[in-house]
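Undergrad: Coordinates in upload-v7.tsv, TSV, C-alpha atoms, are listed below.
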```
chain	number	residue	atom	x	y	z
A	1	MET	CA	36.41	28.75	5.48
A	2	MET	CA	37.04	31.38	2.75
A	3	LYS	CA	39.77	33.03	4.87
A	4	LYS	CA	41.58	29.71	5.31
A	5	PHE	CA	41.43	29.10	1.56
A	6	LEU	CA	42.85	32.57	0.83
A	7	TYR	CA	45.74	32.05	3.31
A	8	LEU	CA	46.59	28.67	1.74
A	9	PHE	CA	46.41	30.12	-1.78
A	10	SER	CA	48.72	32.99	-0.78
A	11	ALA	CA	51.32	30.61	0.71
A	12	VAL	CA	51.36	28.46	-2.42
A	13	ALA	CA	51.71	31.55	-4.61
A	14	LEU	CA	54.69	32.84	-2.60
A	15	MET	CA	56.47	29.46	-2.85
A	16	GLY	CA	55.93	29.45	-6.60
A	17	LEU	CA	57.35	32.95	-6.88
A	18	PHE	CA	60.44	31.90	-4.87
A	19	PHE	CA	61.26	28.93	-7.13
A	20	SER	CA	60.55	30.78	-10.39
A	21	CYS	CA	62.62	33.93	-9.71
A	22	SER	CA	65.80	32.43	-11.19
A	23	ASP	CA	66.28	32.16	-14.96
A	24	ASP	CA	68.92	29.36	-14.69
A	25	ASP	CA	69.65	26.20	-12.78
A	26	SER	CA	72.81	27.46	-11.00
A	27	THR	CA	73.44	26.24	-7.44
A	28	PRO	CA	73.32	28.97	-4.79
A	29	VAL	CA	76.72	29.86	-3.31
A	30	ILE	CA	76.97	28.83	0.32
A	31	PRO	CA	79.21	31.14	2.37
A	32	ASN	CA	82.29	29.42	3.87
A	33	ASN	CA	82.59	30.50	7.47
A	34	ASN	CA	85.35	28.00	8.39
A	35	ASP	CA	88.40	29.52	10.07
A	36	THR	CA	91.33	28.88	7.69
A	37	THR	CA	93.94	30.69	9.80
A	38	VAL	CA	97.28	28.86	9.62
A	39	VAL	CA	98.77	28.33	13.06
A	40	ALA	CA	102.59	28.21	13.16
A	41	ASP	CA	104.12	24.97	14.44
A	42	TYR	CA	106.49	26.99	16.57
A	43	PRO	CA	105.74	29.51	19.36
A	44	GLU	CA	105.73	32.95	17.77
A	45	THR	CA	106.90	35.77	20.03
A	46	ALA	CA	107.31	39.51	19.73
A	47	ALA	CA	110.68	41.27	19.94
A	48	VAL	CA	111.47	43.00	23.23
A	49	ASP	CA	113.45	46.23	23.24
A	50	GLY	CA	116.98	45.72	24.51
A	51	LYS	CA	116.63	41.90	24.61
A	52	ILE	CA	117.29	38.86	22.42
A	53	GLU	CA	114.67	36.10	22.51
A	54	ILE	CA	116.10	32.60	21.97
A	55	LEU	CA	113.63	29.79	21.24
A	56	VAL	CA	114.95	26.24	20.83
A	57	LYS	CA	113.19	23.01	20.02
A	58	PHE	CA	115.14	20.29	21.86
A	59	ASN	CA	114.43	17.00	20.12
A	60	THR	CA	115.86	15.27	23.19
A	61	THR	CA	113.96	16.73	26.14
A	62	PRO	CA	116.21	17.98	28.97
A	63	CYS	CA	115.79	16.43	32.41
A	64	ASN	CA	117.57	19.28	34.22
A	65	ASP	CA	117.70	23.08	34.03
A	66	VAL	CA	119.21	24.49	30.83
A	67	VAL	CA	121.31	27.66	31.04
A	68	PHE	CA	122.70	29.88	28.31
A	69	VAL	CA	126.46	30.22	28.69
A	70	GLY	CA	128.39	32.76	26.66
A	71	SER	CA	129.10	36.47	26.60
A	72	TYR	CA	126.15	38.72	27.41
A	73	ILE	CA	124.83	40.66	30.43
A	74	GLY	CA	123.74	38.27	33.20
A	75	THR	CA	120.46	38.29	35.07
A	76	ASP	CA	122.00	40.61	37.69
A	77	GLY	CA	121.86	43.33	35.01
A	78	ALA	CA	125.55	44.21	35.26
A	79	THR	CA	127.94	41.26	34.83
A	80	ASP	CA	129.22	39.96	31.51
A	81	ILE	CA	128.91	36.17	31.76
A	82	ALA	CA	132.18	36.12	29.75
A	83	TRP	CA	131.98	32.35	29.09
A	84	SER	CA	132.76	31.69	32.75
A	85	GLU	CA	131.10	28.63	34.29
A	86	ALA	CA	131.58	30.35	37.65
A	87	ASN	CA	128.76	32.72	36.62
A	88	PHE	CA	126.19	29.99	35.94
A	89	SER	CA	123.99	31.23	38.80
A	90	ILE	CA	123.27	34.43	36.83
A	91	MET	CA	123.04	32.82	33.40
A	92	ALA	CA	119.71	33.06	31.58
A	93	LYS	CA	117.63	29.90	31.99
A	94	PHE	CA	115.44	28.26	29.37
A	95	ALA	CA	111.80	27.72	30.34
A	96	PRO	CA	109.34	25.34	28.59
A	97	VAL	CA	106.85	27.05	26.28
A	98	ASP	CA	103.30	26.06	27.17
A	99	GLY	CA	101.43	24.29	24.40
A	100	TYR	CA	104.52	23.58	22.27
A	101	GLU	CA	106.15	20.25	23.06
A	102	GLY	CA	109.93	20.35	23.13
A	103	TRP	CA	110.16	24.14	22.84
A	104	TYR	CA	112.12	26.21	25.38
A	105	LYS	CA	112.71	29.93	25.58
A	106	ALA	CA	115.37	32.15	27.13
A	107	GLU	CA	115.83	35.92	27.08
A	108	ILE	CA	119.25	37.59	27.21
A	109	THR	CA	120.53	41.14	27.40
A	110	PRO	CA	123.20	41.93	24.78
A	111	LEU	CA	126.46	43.68	25.57
A	112	ASP	CA	126.61	47.47	25.41
A	113	THR	CA	129.03	47.53	22.48
A	114	ALA	CA	129.59	45.38	19.42
A	115	ASN	CA	132.85	43.70	18.48
A	116	ALA	CA	134.63	44.07	15.15
A	117	ASP	CA	132.20	41.62	13.51
A	118	ASN	CA	129.18	43.60	14.74
A	119	TYR	CA	128.27	40.91	17.32
A	120	VAL	CA	126.76	41.94	20.67
A	121	ALA	CA	126.18	38.53	22.28
A	122	PHE	CA	127.42	34.95	22.04
A	123	GLY	CA	126.53	31.64	23.61
A	124	LYS	CA	125.10	28.14	23.67
A	125	PRO	CA	122.65	26.15	25.83
A	126	VAL	CA	124.15	23.81	28.43
A	127	GLN	CA	122.10	21.38	30.50
A	128	LEU	CA	123.10	21.25	34.16
A	129	SER	CA	124.35	18.04	35.74
A	130	ASN	CA	122.04	15.82	37.78
A	131	ASP	CA	123.49	17.38	40.94
A	132	GLY	CA	122.76	20.90	39.68
A	133	THR	CA	126.36	21.81	38.82
A	134	PHE	CA	127.72	23.16	35.53
A	135	ASN	CA	129.52	20.81	33.14
A	136	TRP	CA	130.63	21.69	29.59
A	137	ALA	CA	130.07	18.06	28.59
A	138	TYR	CA	126.31	18.68	28.62
A	139	GLN	CA	126.16	21.38	25.95
A	140	TRP	CA	123.90	20.97	22.92
A	141	GLY	CA	125.15	19.29	19.73
A	142	THR	CA	125.70	15.81	18.30
A	143	GLY	CA	129.45	15.58	17.83
A	144	SER	CA	129.19	15.83	14.04
A	145	ALA	CA	130.42	18.88	12.17
A	146	ASP	CA	128.83	17.62	8.95
A	147	ASP	CA	125.35	18.72	10.07
A	148	GLU	CA	126.38	21.93	11.87
A	149	GLY	CA	126.88	20.01	15.08
A	150	GLY	CA	123.24	18.99	15.09
A	151	VAL	CA	121.89	22.56	15.45
A	152	THR	CA	119.97	24.35	12.69
A	153	PHE	CA	117.58	27.26	12.28
A	154	TYR	CA	114.02	26.01	12.63
A	155	GLY	CA	112.20	25.64	9.32
A	156	ASP	CA	112.54	28.82	7.27
A	157	THR	CA	113.10	31.15	10.24
A	158	GLU	CA	116.71	32.05	9.42
A	159	ASP	CA	116.91	35.83	9.08
A	160	GLY	CA	120.65	36.41	8.66
A	161	LEU	CA	120.94	38.23	12.00
A	162	THR	CA	122.20	35.25	14.00
A	163	VAL	CA	125.16	33.08	12.96
A	164	ILE	CA	125.71	29.42	13.92
A	165	GLU	CA	129.46	28.87	14.30
A	166	VAL	CA	130.83	25.36	14.92
A	167	GLU	CA	133.81	25.33	17.27
A	168	ASN	CA	136.26	22.45	17.77
A	169	GLN	CA	134.60	20.78	14.77
A	170	VAL	CA	131.54	19.61	16.76
A	171	GLU	CA	130.41	22.34	19.18
A	172	PRO	CA	127.87	24.86	17.80
A	173	ARG	CA	127.65	28.37	19.27
A	174	LEU	CA	125.48	31.38	18.43
A	175	ASN	CA	126.74	34.82	17.45
A	176	PHE	CA	124.14	37.61	17.58
A	177	THR	CA	124.47	40.81	15.54
A	178	THR	CA	123.28	44.22	16.71
A	179	GLU	CA	119.98	43.72	14.85
A	180	ALA	CA	119.18	40.27	16.25
A	181	LYS	CA	115.91	40.16	18.22
A	182	VAL	CA	114.25	36.73	17.94
A	183	VAL	CA	115.83	33.46	16.81
A	184	TYR	CA	114.25	30.00	16.36
A	185	LEU	CA	116.49	26.93	16.45
A	186	GLU	CA	116.31	23.15	16.53
A	187	SER	CA	118.79	21.00	18.46
A	188	LYS	CA	118.93	17.30	17.63
A	189	ASN	CA	120.68	16.12	20.76
A	190	TRP	CA	123.10	16.88	23.59
A	191	LYS	CA	126.82	16.40	23.18
A	192	THR	CA	126.50	14.23	26.28
A	193	ASP	CA	123.05	13.80	27.81
A	194	PRO	CA	123.06	13.89	31.63
A	195	CYS	CA	119.70	12.10	31.56
A	196	THR	CA	121.31	8.95	30.16
A	197	ALA	CA	125.02	9.45	30.82
A	198	ALA	CA	126.94	7.04	32.98
A	199	LYS	CA	127.98	8.25	36.41
A	200	PRO	CA	130.97	10.62	35.97
A	201	ASN	CA	134.33	9.70	37.40
A	202	GLU	CA	135.71	11.12	40.62
A	203	ALA	CA	139.03	12.97	40.50
A	204	GLY	CA	142.03	10.66	40.77
A	205	SER	CA	144.87	8.86	39.02
A	206	ALA	CA	143.81	7.51	35.61
A	207	THR	CA	145.37	5.08	33.17
A	208	PHE	CA	144.85	5.21	29.40
A	209	THR	CA	145.45	2.17	27.20
A	210	LEU	CA	145.01	2.73	23.46
A	211	THR	CA	144.84	0.46	20.43
A	212	CYS	CA	144.96	2.36	17.13
A	213	PRO	CA	145.94	2.22	13.44
A	214	ALA	CA	149.64	2.73	12.66
A	215	THR	CA	148.80	5.15	9.82
A	216	ASN	CA	146.28	7.85	9.06
A	217	GLN	CA	143.52	7.08	6.55
A	218	ASP	CA	145.77	8.35	3.73
A	219	GLY	CA	148.37	5.70	4.61
A	220	VAL	CA	150.93	8.01	6.24
A	221	ALA	CA	152.63	6.52	9.30
A	222	ILE	CA	151.92	8.20	12.64
A	223	VAL	CA	154.81	8.98	14.97
A	224	GLY	CA	153.09	9.66	18.29
A	225	VAL	CA	149.76	10.06	20.10
A	226	SER	CA	148.59	12.62	22.65
A	227	VAL	CA	145.73	12.41	25.13
A	228	VAL	CA	143.85	15.70	24.87
A	229	GLY	CA	141.20	16.62	27.43
A	230	GLY	CA	140.06	18.67	30.38
A	231	PHE	CA	143.29	18.35	32.35
A	232	THR	CA	143.90	20.85	35.15
A	233	ASP	CA	147.05	22.00	33.31
A	234	ASN	CA	147.33	22.37	29.53
A	235	ALA	CA	143.62	21.66	29.09
A	236	TRP	CA	142.71	20.57	25.54
A	237	THR	CA	146.25	21.25	24.24
A	238	PRO	CA	147.33	18.64	21.66
A	239	GLY	CA	150.83	17.37	22.35
A	240	ALA	CA	150.93	18.36	26.03
A	241	GLN	CA	150.11	14.86	27.34
A	242	MET	CA	152.22	12.51	25.18
A	243	MET	CA	151.49	8.80	25.41
A	244	THR	CA	154.20	6.15	25.74
A	245	LYS	CA	154.55	4.05	22.60
A	246	VAL	CA	154.41	0.29	23.24
A	247	ASP	CA	154.48	-0.62	19.55
A	248	ASP	CA	153.10	0.82	16.30
A	249	THR	CA	149.47	0.23	17.33
A	250	HIS	CA	149.53	0.46	21.14
A	251	TYR	CA	150.09	3.37	23.52
A	252	THR	CA	149.73	4.00	27.26
A	253	TYR	CA	149.58	7.02	29.54
A	254	SER	CA	148.89	7.74	33.23
A	255	SER	CA	147.90	11.03	34.82
A	256	ASP	CA	145.76	12.65	37.48
A	257	VAL	CA	142.41	13.78	36.08
A	258	PRO	CA	139.64	15.98	37.51
A	259	ALA	CA	136.09	14.75	38.14
A	260	ALA	CA	133.76	14.30	35.13
A	261	PHE	CA	136.79	14.17	32.85
A	262	GLU	CA	136.38	14.23	29.05
A	263	TYR	CA	139.11	13.53	26.53
A	264	LYS	CA	140.01	12.31	23.06
A	265	TYR	CA	143.11	11.25	21.12
A	266	VAL	CA	145.15	13.21	18.57
A	267	MET	CA	148.11	11.78	16.65
A	268	SER	CA	151.15	13.42	15.11
A	269	LEU	CA	153.04	12.64	11.91
A	270	ASP	CA	156.26	14.35	12.98
A	271	LEU	CA	156.03	15.27	16.71
A	272	THR	CA	156.52	18.95	15.94
A	273	ALA	CA	155.01	21.67	18.11
A	274	ASP	CA	152.45	22.30	15.38
A	275	TRP	CA	149.88	19.67	16.40
A	276	SER	CA	146.69	19.75	14.34
A	277	TRP	CA	143.07	18.95	15.22
A	278	ASP	CA	142.82	17.58	11.69
A	279	ASN	CA	144.71	14.56	13.05
A	280	ASP	CA	142.24	13.56	15.76
A	281	GLU	CA	140.29	10.30	15.95
A	282	LEU	CA	137.42	9.55	13.54
A	283	VAL	CA	134.49	7.14	13.64
A	284	ASP	CA	134.40	6.84	9.86
A	285	GLU	CA	136.01	8.39	6.80
A	286	PHE	CA	134.07	11.64	7.15
A	287	THR	CA	133.12	12.02	10.83
A	288	ASP	CA	134.86	13.19	13.98
A	289	GLY	CA	134.34	10.90	16.95
A	290	GLY	CA	133.54	13.55	19.55
A	291	ASN	CA	134.76	13.41	23.15
A	292	ARG	CA	135.10	10.36	25.38
A	293	ALA	CA	134.02	10.22	29.03
A	294	MET	CA	136.43	8.80	31.60
A	295	PRO	CA	135.03	5.58	33.11
A	296	GLU	CA	134.17	5.65	36.78
A	297	THR	CA	136.96	3.10	37.32
A	298	LEU	CA	139.57	5.59	35.98
A	299	GLN	CA	140.77	2.81	33.65
A	300	ALA	CA	140.31	3.86	30.01
A	301	GLU	CA	140.79	1.00	27.53
A	302	ASP	CA	140.08	2.56	24.15
A	303	THR	CA	140.28	1.78	20.45
A	304	VAL	CA	140.64	4.33	17.65
A	305	VAL	CA	139.30	2.92	14.37
A	306	LEU	CA	140.60	5.66	12.08
A	307	TRP	CA	142.84	8.73	12.22
A	308	GLY	CA	142.22	11.99	10.41
A	309	PRO	CA	142.30	13.99	8.31
A	310	LYS	CA	138.62	13.69	7.44
A	311	HIS	CA	137.69	13.15	3.83
A	312	VAL	CA	135.04	15.25	2.11
A	313	ALA	CA	131.93	13.44	0.95
A	314	ASP	CA	131.08	13.67	-2.74
A	315	ALA	CA	128.18	16.12	-2.94
A	316	GLY	CA	126.91	14.38	-6.07
A	317	ALA	CA	126.88	10.91	-4.55
```
Reformat the file's structure so that it appears as structure tokens.
TA:
Amino acid sequence: MMKKFLYLFSAVALMGLFFSCSDDDSTPVIPNNNDTTVVADYPETAAVDGKIEILVKFNTTPCNDVVFVGSYIGTDGATDIAWSEANFSIMAKFAPVDGYEGWYKAEITPLDTANADNYVAFGKPVQLSNDGTFNWAYQWGTGSADDEGGVTFYGDTEDGLTVIEVENQVEPRLNFTTEAKVVYLESKNWKTDPCTAAKPNEAGSATFTLTCPATNQDGVAIVGVSVVGGFTDNAWTPGAQMMTKVDDTHYTYSSDVPAAFEYKYVMSLDLTADWSWDNDELVDEFTDGGNRAMPETLQAEDTVVLWGPKHVADAGA
């Protein structure tokens, strides 16, 4: 019995010592073992010697393979793609990045030498057609030059080594300098999405019927209108395919067109040889209308709501 009493007394004494060893009422600090590592919302990747890593978040998910067309060394290790659609079989392909919805990655080999601007590679993603063929209509972009064609650097990843250049007012391309290694981008849409696009036309004889304003948006009278598009001859050359004037607001034109034909309208104020893309069709005061797709019927009945030149939005508005 005495031993049990001594053991109990000792336990009580130790507890008293534990609670009386502090001179204040401060709360003990509890260690925080939570993992506070910030995970990037994009797939980080390491640079690879002799390669350029291109990572794109497509906000509109592709339904077909996406290739990178431009000027760089193809997957055969020898051929410059040289912007030729005939080389699409050796173009770099974008692959989905596991665990990151909407993200795709491609790896390209730059050219051996830089051009005068210190660029060693160029290009843009193009989604293949539903039948697996190449079609420029399915490149990335939104048809609006006001937001860089719908392509931007992702978040704060811009490093000054890759340049986004907008061609033809609405078609973004990438220019890579000699120091470029990894680039992160976001694409809002496809210029034309093969996943939702109407069935493309077959090659054949097409008729264009146009209703349009008699003046540009500055009130200057137009003199003539040209159909500009992917014709076999004089492709995308303003003034080469002149429409017949019916009256001040109506024009017609007939011509053979290739399959999957795209086009738009450009007007002239004086019918000189110096046609300008500033005088193409607009959807509003500030925005280019992008390209049109030839209907499957080969009968294009179109309306232009406004002619250029575009006005510049007030930055302070």
Undergrad: Using all atoms listed in the file, which residue out of A:Val304, A:Val166, A:Val182, A:Ala293 lies closest to Tyr265 in chain A?
TA: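 Closest candidate: A:Val304.
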Undergrad: Kindly give the distance, in Å, that separates CA of Ser254 in chain A and CA of Val227 in chain A, rounded to a single decimal.
TA: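 Distance between the two atoms: 9.9 Å.
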Undergrad: Report as a ChimeraX atom specification all protein, DNA and RNA residues lying within 6 Å of range 102-108 of chain A, evaluated on all atoms listed in the file, omitting residues in the same chain fewer than 5 positions from it.
TA: /A:51-58,93-97
Undergrad: Counting all atoms listed in the file, figure out which residue out of A:Gln241, A:Ser205, A:Thr215, A:Ser89 gets nearest to Asn279 in chain A.
TA: A:Thr215
Undergrad: From the options A:Tyr251, A:Trp190, A:Trp83, A:Trp277, which residue's atoms come nearest to Tyr138 in chain A, counting only C-alpha atoms?
TA: A:Trp190
Undergrad: Take CA of Val66 in chain A and CA of Leu161 in chain A and report the distance between them in Å, one decimal.
TA: 23.4 Å
Undergrad: Using all atoms listed in the file, which of A:Thr196, A:Thr162, A:Asn201, A:Asn115 sits nearest Leu174 in chain A?
TA: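 Closest residue, counting all atoms listed in the file: A:Thr162.
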Undergrad: When distances are computed from all atoms listed in the file, which of A:Lys264, A:Lys199, A:Lys191, A:Lys124 shows the smallest separation from Thr303 in chain A?
TA: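 Answer, going by the shortest atom-to-atom distance: A:Lys264.
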Undergrad: Name the residues in contact with Asn130 in chain A at a cut-off of 9 Å, using only C-alpha atoms, excluding same-chain residues fewer than 5 positions from it; report them as a list in words.
TA: Cys63, Asn64, Pro194 and Cys195 of chain A
Undergrad: For the selection just defined, write its residues with C-alpha atoms to a file, as a short mmCIF file (atom, residue, chain, number, x, y, z; two decimals), in the coordinates of the input.
TA:
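Output file selection25.cif follows:
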```cif
data_model
loop_
_atom_site.label_atom_id
_atom_site.label_comp_id
_atom_site.auth_asym_id
_atom_site.auth_seq_id
_atom_site.Cartn_x
_atom_site.Cartn_y
_atom_site.Cartn_z
CA CYS A 63 115.79 16.43 32.41
CA ASN A 64 117.57 19.28 34.22
CA PRO A 194 123.06 13.89 31.63
CA CYS A 195 119.70 12.10 31.56
#
```
Undergrad: Excluding range 244-250 of chain A and residues on its chain fewer than 6 positions from it, collect all residues at most 7 Å away from it, counting all atoms listed in the file, and give them as number ranges by chain.
TA: A: 210-214
Undergrad: Keeping only C-alpha atoms, write the selected residues as a PDB file, keeping the file's coordinate frame.
TA:
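Output file out03.pdb is given in full below:
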```pdb
ATOM      1  CA  LEU A 210     145.010   2.730  23.460  1.00  0.00           C
ATOM      2  CA  THR A 211     144.840   0.460  20.430  1.00  0.00           C
ATOM      3  CA  CYS A 212     144.960   2.360  17.130  1.00  0.00           C
ATOM      4  CA  PRO A 213     145.940   2.220  13.440  1.00  0.00           C
ATOM      5  CA  ALA A 214     149.640   2.730  12.660  1.00  0.00           C
TER       6      ALA A 214
END
```
Undergrad: Restricting the calculation to only C-alpha atoms: of A:Thr60, A:Asn118, A:Gln127, A:Thr109, which residue gets closest to Thr79 in chain A?
TA: A:Thr109
